[in-house]
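Peer 1: What follows is structure-v2.cif, mmCIF, C-alpha atoms and all ligand atoms.
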```cif
data_work
#
loop_
_atom_site.label_atom_id
_atom_site.label_comp_id
_atom_site.auth_asym_id
_atom_site.auth_seq_id
_atom_site.Cartn_x
_atom_site.Cartn_y
_atom_site.Cartn_z
CA MET A 25 164.85 47.13 63.23
CA LYS A 26 166.40 49.13 66.11
CA SER A 27 163.61 48.09 68.43
CA ARG A 28 164.28 44.44 67.60
CA ILE A 29 168.01 44.82 68.22
CA VAL A 30 167.31 46.48 71.58
CA ARG A 31 164.89 43.69 72.51
CA ILE A 32 167.30 40.90 71.54
CA LEU A 33 170.31 42.42 73.30
CA ARG A 34 168.33 43.26 76.42
CA SER A 35 166.90 39.80 76.84
CA ALA A 36 170.24 38.05 76.16
CA ALA A 37 172.13 36.92 79.22
CA ASN A 38 175.40 37.02 77.30
CA VAL A 39 177.09 38.52 74.30
CA VAL A 40 175.14 38.05 71.05
CA SER A 41 177.28 37.42 68.00
CA GLY A 42 176.96 39.60 64.92
CA GLN A 43 176.23 36.46 62.95
CA ASP A 44 173.30 35.44 65.20
CA LEU A 45 171.91 38.97 65.06
CA SER A 46 172.15 39.15 61.28
CA ALA A 47 170.52 35.71 60.92
CA GLU A 48 167.67 36.56 63.31
CA LEU A 49 167.02 39.95 61.74
CA GLY A 50 167.58 38.87 58.16
CA ILE A 51 170.07 41.67 57.44
CA SER A 52 173.80 41.73 56.74
CA ARG A 53 176.37 42.02 59.51
CA VAL A 54 177.37 45.41 58.12
CA SER A 55 173.75 46.56 58.54
CA VAL A 56 173.70 45.21 62.08
CA TRP A 57 176.80 47.24 62.86
CA LYS A 58 175.26 50.38 61.33
CA HIS A 59 172.13 50.00 63.48
CA VAL A 60 174.24 49.39 66.58
CA ARG A 61 176.27 52.51 65.84
CA ARG A 62 173.07 54.55 65.51
CA LEU A 63 171.70 53.07 68.75
CA ARG A 64 174.89 54.10 70.52
CA GLU A 65 174.38 57.65 69.19
CA MET A 66 170.86 57.45 70.63
CA GLY A 67 172.30 56.78 74.07
CA TYR A 68 172.39 52.96 74.29
CA ASP A 69 175.57 51.63 75.83
CA ILE A 70 176.31 48.64 73.59
CA GLN A 71 179.70 47.02 73.89
CA ALA A 72 181.10 45.57 70.69
CA GLY A 73 183.86 42.95 71.00
CA PRO A 74 185.37 40.11 68.99
CA THR A 75 182.58 37.73 70.09
CA GLY A 76 179.68 40.11 69.44
CA TYR A 77 177.48 42.72 71.09
CA ARG A 78 176.33 43.23 74.66
CA MET A 79 173.87 45.81 76.04
CA VAL A 80 175.37 47.42 79.11
CA GLY A 81 173.10 50.38 79.65
CA SER A 82 170.04 52.14 78.28
CA PRO A 83 169.24 55.84 78.12
CA GLU A 84 166.30 57.40 79.95
CA ALA A 85 164.46 57.73 76.67
CA LEU A 86 160.99 57.90 75.16
CA TYR A 87 161.64 56.01 71.92
CA PRO A 88 158.52 54.07 70.90
CA TRP A 89 160.08 50.70 71.71
CA GLU A 90 160.61 51.93 75.30
CA LEU A 91 156.86 52.50 75.68
CA ALA A 92 155.74 48.85 75.88
CA HIS A 93 152.41 48.27 74.08
CA TRP A 94 151.96 52.05 73.71
CA GLY A 95 154.90 52.13 71.29
CA SER A 96 152.60 51.37 68.36
CA HIS A 97 150.39 54.36 69.31
CA ALA A 98 153.32 56.75 69.75
CA ARG A 99 154.90 59.30 67.41
CA TYR A 100 158.23 60.24 68.96
CA PHE A 101 160.24 63.37 68.17
CA ALA A 102 163.56 64.46 69.67
CA THR A 103 162.54 68.09 69.12
CA LEU A 104 159.26 69.64 68.03
CA GLY A 105 157.74 73.08 68.00
CA SER A 106 154.80 71.86 70.07
CA THR A 107 153.25 68.41 70.42
CA MET A 108 149.87 70.22 70.18
CA ASP A 109 150.61 71.38 66.62
CA GLU A 110 151.84 67.97 65.49
CA ALA A 111 148.84 66.26 67.12
CA LYS A 112 146.45 68.65 65.38
CA GLU A 113 148.04 67.93 62.03
CA ILE A 114 147.92 64.15 62.37
CA ALA A 115 144.41 64.27 63.84
CA ARG A 116 143.27 66.25 60.80
CA SER A 117 144.79 63.59 58.57
CA GLY A 118 142.88 60.86 60.38
CA CYS A 119 145.20 59.28 62.96
CA PRO A 120 143.41 56.85 65.31
CA HIS A 121 141.95 57.49 68.76
CA LEU A 122 144.64 57.37 71.49
CA THR A 123 147.55 58.31 69.24
CA VAL A 124 150.25 59.90 71.41
CA VAL A 125 152.69 62.56 70.20
CA VAL A 126 155.71 62.79 72.47
CA ALA A 127 158.78 65.02 72.28
CA ASP A 128 161.95 65.28 74.32
CA ARG A 129 162.06 69.02 73.74
CA GLN A 130 159.64 71.63 72.47
CA GLU A 131 160.78 74.89 71.00
CA LYS A 132 157.34 76.49 71.03
CA GLY A 133 155.61 74.76 73.93
CA ARG A 134 152.25 76.35 74.66
CA GLY A 135 150.48 76.76 77.98
CA ARG A 136 146.97 77.83 78.90
CA LEU A 137 145.91 81.42 78.42
CA ARG A 138 148.38 81.92 75.56
CA ARG A 139 151.39 81.41 77.80
CA VAL A 140 154.70 79.87 76.78
CA TRP A 141 155.40 76.42 78.26
CA LEU A 142 159.16 76.24 78.72
CA SER A 143 160.08 72.68 77.79
CA SER A 144 163.60 71.87 78.89
CA PRO A 145 165.08 68.36 78.41
CA GLY A 146 164.12 65.87 81.11
CA GLY A 147 160.48 66.94 81.23
CA LEU A 148 157.64 64.85 79.82
CA TYR A 149 155.75 66.56 76.99
CA PHE A 150 153.01 64.74 75.13
CA THR A 151 149.61 65.15 73.52
CA ILE A 152 146.95 62.46 73.28
CA VAL A 153 144.54 62.50 70.35
CA LEU A 154 141.05 61.46 71.46
CA ARG A 155 138.08 60.82 69.23
CA PRO A 156 135.16 60.57 71.59
CA ASP A 157 131.82 60.40 69.84
CA ILE A 158 130.27 63.21 71.87
CA ALA A 159 128.70 66.64 71.60
CA THR A 160 131.10 69.55 72.11
CA GLU A 161 129.55 70.59 75.42
CA LEU A 162 130.68 67.31 76.99
CA THR A 163 134.40 67.85 76.32
CA PRO A 164 135.11 69.36 79.79
CA ARG A 165 134.49 65.90 81.24
CA PHE A 166 137.57 64.66 79.38
CA ASN A 167 139.69 67.54 80.68
CA PHE A 168 138.62 66.77 84.24
CA LEU A 169 139.27 63.09 83.63
CA ALA A 170 142.80 63.90 82.42
CA SER A 171 143.78 65.81 85.56
CA LEU A 172 141.97 63.34 87.84
CA VAL A 173 143.80 60.35 86.36
CA LEU A 174 147.18 62.09 86.27
CA ALA A 175 146.85 63.12 89.94
CA LYS A 176 145.89 59.56 90.85
CA THR A 177 148.72 58.03 88.82
CA LEU A 178 151.24 60.35 90.48
CA ARG A 179 149.84 59.63 93.94
CA GLY A 180 149.71 55.87 93.39
CA ARG A 181 153.06 55.52 91.67
CA PHE A 182 155.15 57.91 93.80
CA GLY A 183 153.18 58.38 97.02
CA ILE A 184 153.12 62.16 96.62
CA ASP A 185 150.25 64.42 97.61
CA ALA A 186 149.35 65.50 94.06
CA ARG A 187 146.29 67.78 94.04
CA VAL A 188 144.43 69.48 91.24
CA LYS A 189 143.98 73.23 91.17
CA TRP A 190 141.04 74.28 89.02
CA PRO A 191 140.84 73.79 86.16
CA ASN A 192 143.63 71.24 85.79
CA ASP A 193 147.01 72.18 87.19
CA ILE A 194 148.68 69.48 89.26
CA LEU A 195 150.37 70.85 92.38
CA VAL A 196 152.36 69.28 95.17
CA GLY A 197 152.96 71.29 98.32
CA GLY A 198 151.61 74.38 96.58
CA ARG A 199 154.07 74.08 93.68
CA LYS A 200 153.11 73.25 90.11
CA LEU A 201 154.23 69.83 88.88
CA ALA A 202 152.17 69.52 85.70
CA GLY A 203 149.83 71.40 83.42
CA MET A 204 147.35 70.45 80.73
CA LEU A 205 146.06 72.06 77.59
CA ALA A 206 143.06 70.93 75.55
CA GLU A 207 142.23 71.75 71.94
CA MET A 208 139.43 70.39 69.84
CA GLU A 209 137.81 70.49 66.45
CA ALA A 210 134.16 69.79 65.81
CA GLU A 211 131.65 69.52 63.02
CA ALA A 212 128.00 70.30 63.53
CA ASP A 213 128.45 70.22 67.31
CA ARG A 214 130.02 66.75 67.33
CA VAL A 215 133.66 66.43 68.33
CA THR A 216 135.98 65.39 65.50
CA PHE A 217 138.98 65.20 67.79
CA LEU A 218 139.95 66.41 71.22
CA ASN A 219 143.66 66.73 71.88
CA ILE A 220 144.93 66.94 75.44
CA GLY A 221 148.53 68.00 76.00
CA PHE A 222 150.42 67.27 79.19
CA GLY A 223 153.58 68.96 80.44
CA ILE A 224 155.05 67.23 83.48
CA ASN A 225 158.20 68.38 85.27
CA VAL A 226 159.97 65.05 85.73
CA ASN A 227 163.78 65.18 85.64
CA ASN A 228 164.05 68.76 84.43
CA ASP A 229 164.79 71.69 86.67
CA PRO A 230 161.86 74.04 86.28
CA HIS A 231 162.97 77.33 84.77
CA PRO A 232 163.99 79.95 87.39
CA GLU A 233 161.18 82.15 86.03
CA GLU A 234 158.71 79.51 87.23
CA GLN A 235 159.24 80.14 90.91
CA ARG A 236 156.23 78.26 92.11
CA ALA A 237 157.10 75.07 90.22
CA THR A 238 158.59 71.75 91.23
CA SER A 239 159.63 68.48 89.57
CA LEU A 240 159.43 64.79 90.43
CA LYS A 241 163.23 64.67 90.69
CA LYS A 242 163.15 67.49 93.22
CA LEU A 243 160.33 65.94 95.25
CA LEU A 244 161.70 62.39 95.25
CA LYS A 245 165.40 63.30 95.26
CA ARG A 246 166.06 60.84 92.44
CA PRO A 247 165.48 60.72 88.70
CA VAL A 248 162.37 59.00 87.41
CA SER A 249 161.78 56.98 84.22
CA ARG A 250 159.62 59.12 81.97
CA ALA A 251 158.80 56.10 79.79
CA GLU A 252 157.45 54.22 82.78
CA LEU A 253 155.45 57.21 83.98
CA LEU A 254 154.01 57.75 80.51
CA THR A 255 152.99 54.11 80.02
CA THR A 256 151.51 53.86 83.53
CA PHE A 257 149.50 57.02 82.96
CA LEU A 258 148.30 55.89 79.52
CA ASP A 259 147.24 52.53 80.99
CA ASP A 260 145.33 54.27 83.80
CA PHE A 261 143.76 56.82 81.45
CA SER A 262 142.62 54.31 78.83
CA LYS A 263 141.27 51.94 81.49
CA ARG A 264 139.18 54.77 82.95
CA LEU A 265 137.96 55.71 79.48
CA ASP A 266 136.92 52.11 78.82
CA ALA A 267 135.25 51.81 82.22
CA GLY A 268 132.18 53.61 80.96
CA PRO A 269 130.40 56.93 80.90
CA LEU A 270 131.98 59.99 82.45
CA GLU A 271 128.89 61.43 84.15
CA GLY A 272 130.40 61.24 87.62
CA VAL A 273 133.86 62.43 86.67
CA ILE A 274 133.58 65.94 88.10
CA ASP A 275 132.46 64.56 91.48
CA GLU A 276 135.40 62.16 91.39
CA TRP A 277 137.71 65.03 90.40
CA LYS A 278 136.64 66.91 93.54
CA THR A 279 138.21 64.17 95.69
CA VAL A 280 141.69 65.17 94.47
CA ALA A 281 140.97 68.88 94.00
CA MET A 282 142.46 71.57 96.25
CA THR A 283 140.20 74.40 95.10
CA ILE A 284 136.71 73.56 96.39
CA GLY A 285 135.85 75.22 99.71
CA ARG A 286 138.89 77.50 99.52
CA PRO A 287 139.29 81.26 99.08
CA VAL A 288 140.27 81.98 95.47
CA ARG A 289 141.03 84.86 93.16
CA ILE A 290 140.40 84.16 89.49
CA ALA A 291 141.95 86.58 87.03
CA THR A 292 141.06 86.92 83.38
CA THR A 293 142.21 89.65 81.03
CA ARG A 294 138.90 91.43 81.63
CA GLU A 295 138.13 90.95 85.32
CA THR A 296 139.06 89.46 88.65
CA THR A 297 136.68 87.44 90.83
CA GLU A 298 137.33 86.85 94.50
CA GLY A 299 135.47 84.66 96.94
CA ILE A 300 135.12 81.09 98.13
CA ALA A 301 135.17 78.38 95.45
CA GLU A 302 131.92 76.58 96.17
CA ASP A 303 131.60 74.03 93.39
CA VAL A 304 132.21 73.12 89.76
CA ASP A 305 129.15 72.92 87.53
CA PRO A 306 128.62 70.20 84.89
CA SER A 307 130.19 72.43 82.22
CA GLY A 308 133.39 72.66 84.26
CA ALA A 309 132.87 76.29 85.34
CA LEU A 310 133.92 77.26 88.86
CA LEU A 311 131.16 78.67 91.09
CA VAL A 312 132.58 81.36 93.34
CA ARG A 313 130.62 82.82 96.30
CA ARG A 314 131.59 86.48 96.56
CA ALA A 315 131.70 88.51 99.78
CA ASP A 316 128.37 90.18 98.88
CA GLY A 317 126.70 86.73 98.80
CA SER A 318 126.34 86.54 95.03
CA LEU A 319 127.42 83.45 93.11
CA LYS A 320 129.68 84.04 90.12
CA ARG A 321 130.18 81.41 87.41
CA VAL A 322 133.77 81.55 86.12
CA ILE A 323 134.46 79.74 82.85
CA SER A 324 138.22 80.21 82.58
CA GLY A 325 141.07 82.18 84.06
CA ASP A 326 144.10 82.02 86.28
CA CYS A 327 143.24 80.65 89.69
CA PHE A 328 145.23 81.97 92.66
CA GLN A 329 144.70 80.35 96.03
C1 LIG B 401 149.45 75.01 81.40
O1 LIG B 401 149.53 74.67 82.57
O2 LIG B 401 149.47 76.20 81.07
C2 LIG B 401 149.32 73.94 80.35
C3 LIG B 401 150.66 73.44 79.91
C4 LIG B 401 150.58 72.37 78.85
C5 LIG B 401 151.95 72.03 78.31
C6 LIG B 401 151.92 70.84 77.41
S1 LIG B 401 153.53 70.23 77.05
C7 LIG B 401 152.89 69.17 75.86
C8 LIG B 401 151.84 69.95 75.12
N1 LIG B 401 152.45 70.73 74.06
C9 LIG B 401 152.36 72.03 74.28
O3 LIG B 401 152.80 72.91 73.52
N2 LIG B 401 151.69 72.26 75.41
C10 LIG B 401 151.28 71.03 76.05
#
```
Output the structure of this file as structure tokens.

Peer 2:
Amino acid sequence: MKSRIVRILRSAANVVSGQDLSAELGISRVSVWKHVRRLREMGYDIQAGPTGYRMVGSPEALYPWELAHWGSHARYFATLGSTMDEAKEIARSGCPHLTVVVADRQEKGRGRLRRVWLSSPGGLYFTIVLRPDIATELTPRFNFLASLVLAKTLRGRFGIDARVKWPNDILVGGRKLAGMLAEMEAEADRVTFLNIGFGINVNNDPHPEEQRATSLKKLLKRPVSRAELLTTFLDDFSKRLDAGPLEGVIDEWKTVAMTIGRPVRIATTRETTEGIAEDVDPSGALLVRRADGSLKRVISGDCFQ
């Protein structure tokens, strides 16, 4: 009902009377007023006068009806522990491919390597549930696709030099703008679901602890619509998924990567590998040429460069 009220008021050139609204929506005028009051609490600036209602301003919000055709795929939460946990739960109960869980705030946001992902208001935090009919060893292709498409969306939409640091951090000018986290469940080596979570610093100020981080607001010196960024990215991502097999995705990923050909240090809890990042193999592992000439295959870790 709220989405319909927003749509009607937004498209109206003038004031819309309570009577017209109640007739169009098939609810009483008292109900109309209750919905309007709730929409105001949600940040919509709706003027109410003797002749009716007029929409004067909208919040920078991620409510499903702000997400165009993606609204019907979206599960929106003002606050969540983590969109990863919610996505896992709904994926286990059978939600469809390309369901998106989005939250304005996360209280237990998770990063790679068991880190905390501080999720202050103004950032974009979401998880996409994917159900590719593939064997588990092919899932890295989807992770590479996610960072490739996000880098391209950010470059195309904002003209910024977004680059991917292996495995899938998005950096601009050496500072982290976005991170991704993938989780999957499988049965007999076939993927049941693969959830990819995205944390993008949009209008939030990255936490002072995250010294090497930046945000779109900082880079562009203006706030950005998270709803528009999310829908543009989802359009780009789903188009690329529909475009066909992902065999060439790692090669394509290399065109926006900042790691290949560079000196790197990869740290895991057990060891550190230093050398020149030579390539990424089909499983997504980084191939690092060490000073002694040997080639080390690194599956995961923190990449410093
Ligand atoms: C990283 O760079 O360490 C990955 C960060 C991933 C953060 C996102 S925010 C949305 C989703 N929910 C989470 O708890 N984590 C991911």

Peer 1: Take CA of Ala127 (chain A) and CA of Lys176 (chain A) and report the distance between them in Å, one decimal.

Peer 2: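 For CA of Ala127 (chain A) relative to CA of Lys176 (chain A), the distance reads 23.3 Å.
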
Peer 1: Hey, which residues come within 7 Å of ligand LIG 401 (chain B) if we count only C-alpha atoms and all ligand atoms? Could you give them as a JSON list (two decimals) with C-alpha atoms, keeping the file's coordinate frame?

Peer 2:
```json
[["chain", "number", "residue", "atom", "x", "y", "z"],
["A", 106, "SER", "CA", 154.80, 71.86, 70.07],
["A", 107, "THR", "CA", 153.25, 68.41, 70.42],
["A", 108, "MET", "CA", 149.87, 70.22, 70.18],
["A", 132, "LYS", "CA", 157.34, 76.49, 71.03],
["A", 133, "GLY", "CA", 155.61, 74.76, 73.93],
["A", 134, "ARG", "CA", 152.25, 76.35, 74.66],
["A", 135, "GLY", "CA", 150.48, 76.76, 77.98],
["A", 136, "ARG", "CA", 146.97, 77.83, 78.90],
["A", 137, "LEU", "CA", 145.91, 81.42, 78.42],
["A", 139, "ARG", "CA", 151.39, 81.41, 77.80],
["A", 141, "TRP", "CA", 155.40, 76.42, 78.26],
["A", 149, "TYR", "CA", 155.75, 66.56, 76.99],
["A", 150, "PHE", "CA", 153.01, 64.74, 75.13],
["A", 151, "THR", "CA", 149.61, 65.15, 73.52],
["A", 193, "ASP", "CA", 147.01, 72.18, 87.19],
["A", 202, "ALA", "CA", 152.17, 69.52, 85.70],
["A", 203, "GLY", "CA", 149.83, 71.40, 83.42],
["A", 204, "MET", "CA", 147.35, 70.45, 80.73],
["A", 205, "LEU", "CA", 146.06, 72.06, 77.59],
["A", 221, "GLY", "CA", 148.53, 68.00, 76.00],
["A", 222, "PHE", "CA", 150.42, 67.27, 79.19],
["A", 223, "GLY", "CA", 153.58, 68.96, 80.44]]
```

Peer 1: Can you work out which one of A:Gly285, A:Ala301, A:Val153, A:Arg294 has the shortest atom-to-atom distance to Asp109 (chain A), counting all atoms listed in the file?

Peer 2: A:Val153

Peer 1: Work out how far CA of His93 (chain A) is from CA of Glu131 (chain A), in Å to one decimal.

Peer 2: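 Between these atoms lies a distance of 28.1 Å.
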
Peer 1: What gap, in Å, lies between CA of Arg61 (chain A) and CA of Ala37 (chain A)?

Peer 2: 21.0 Å

Peer 1: Which residues, written as a list in words, have at least one atom at most 8 Å from Trp94 (chain A), with only C-alpha atoms counted and residues fewer than 3 positions away on the same chain left out?

Peer 2: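 So, after excluding close chain neighbours, the residues are Pro88, Leu91, His97, Ala98, Thr255 and Leu258 of chain A.
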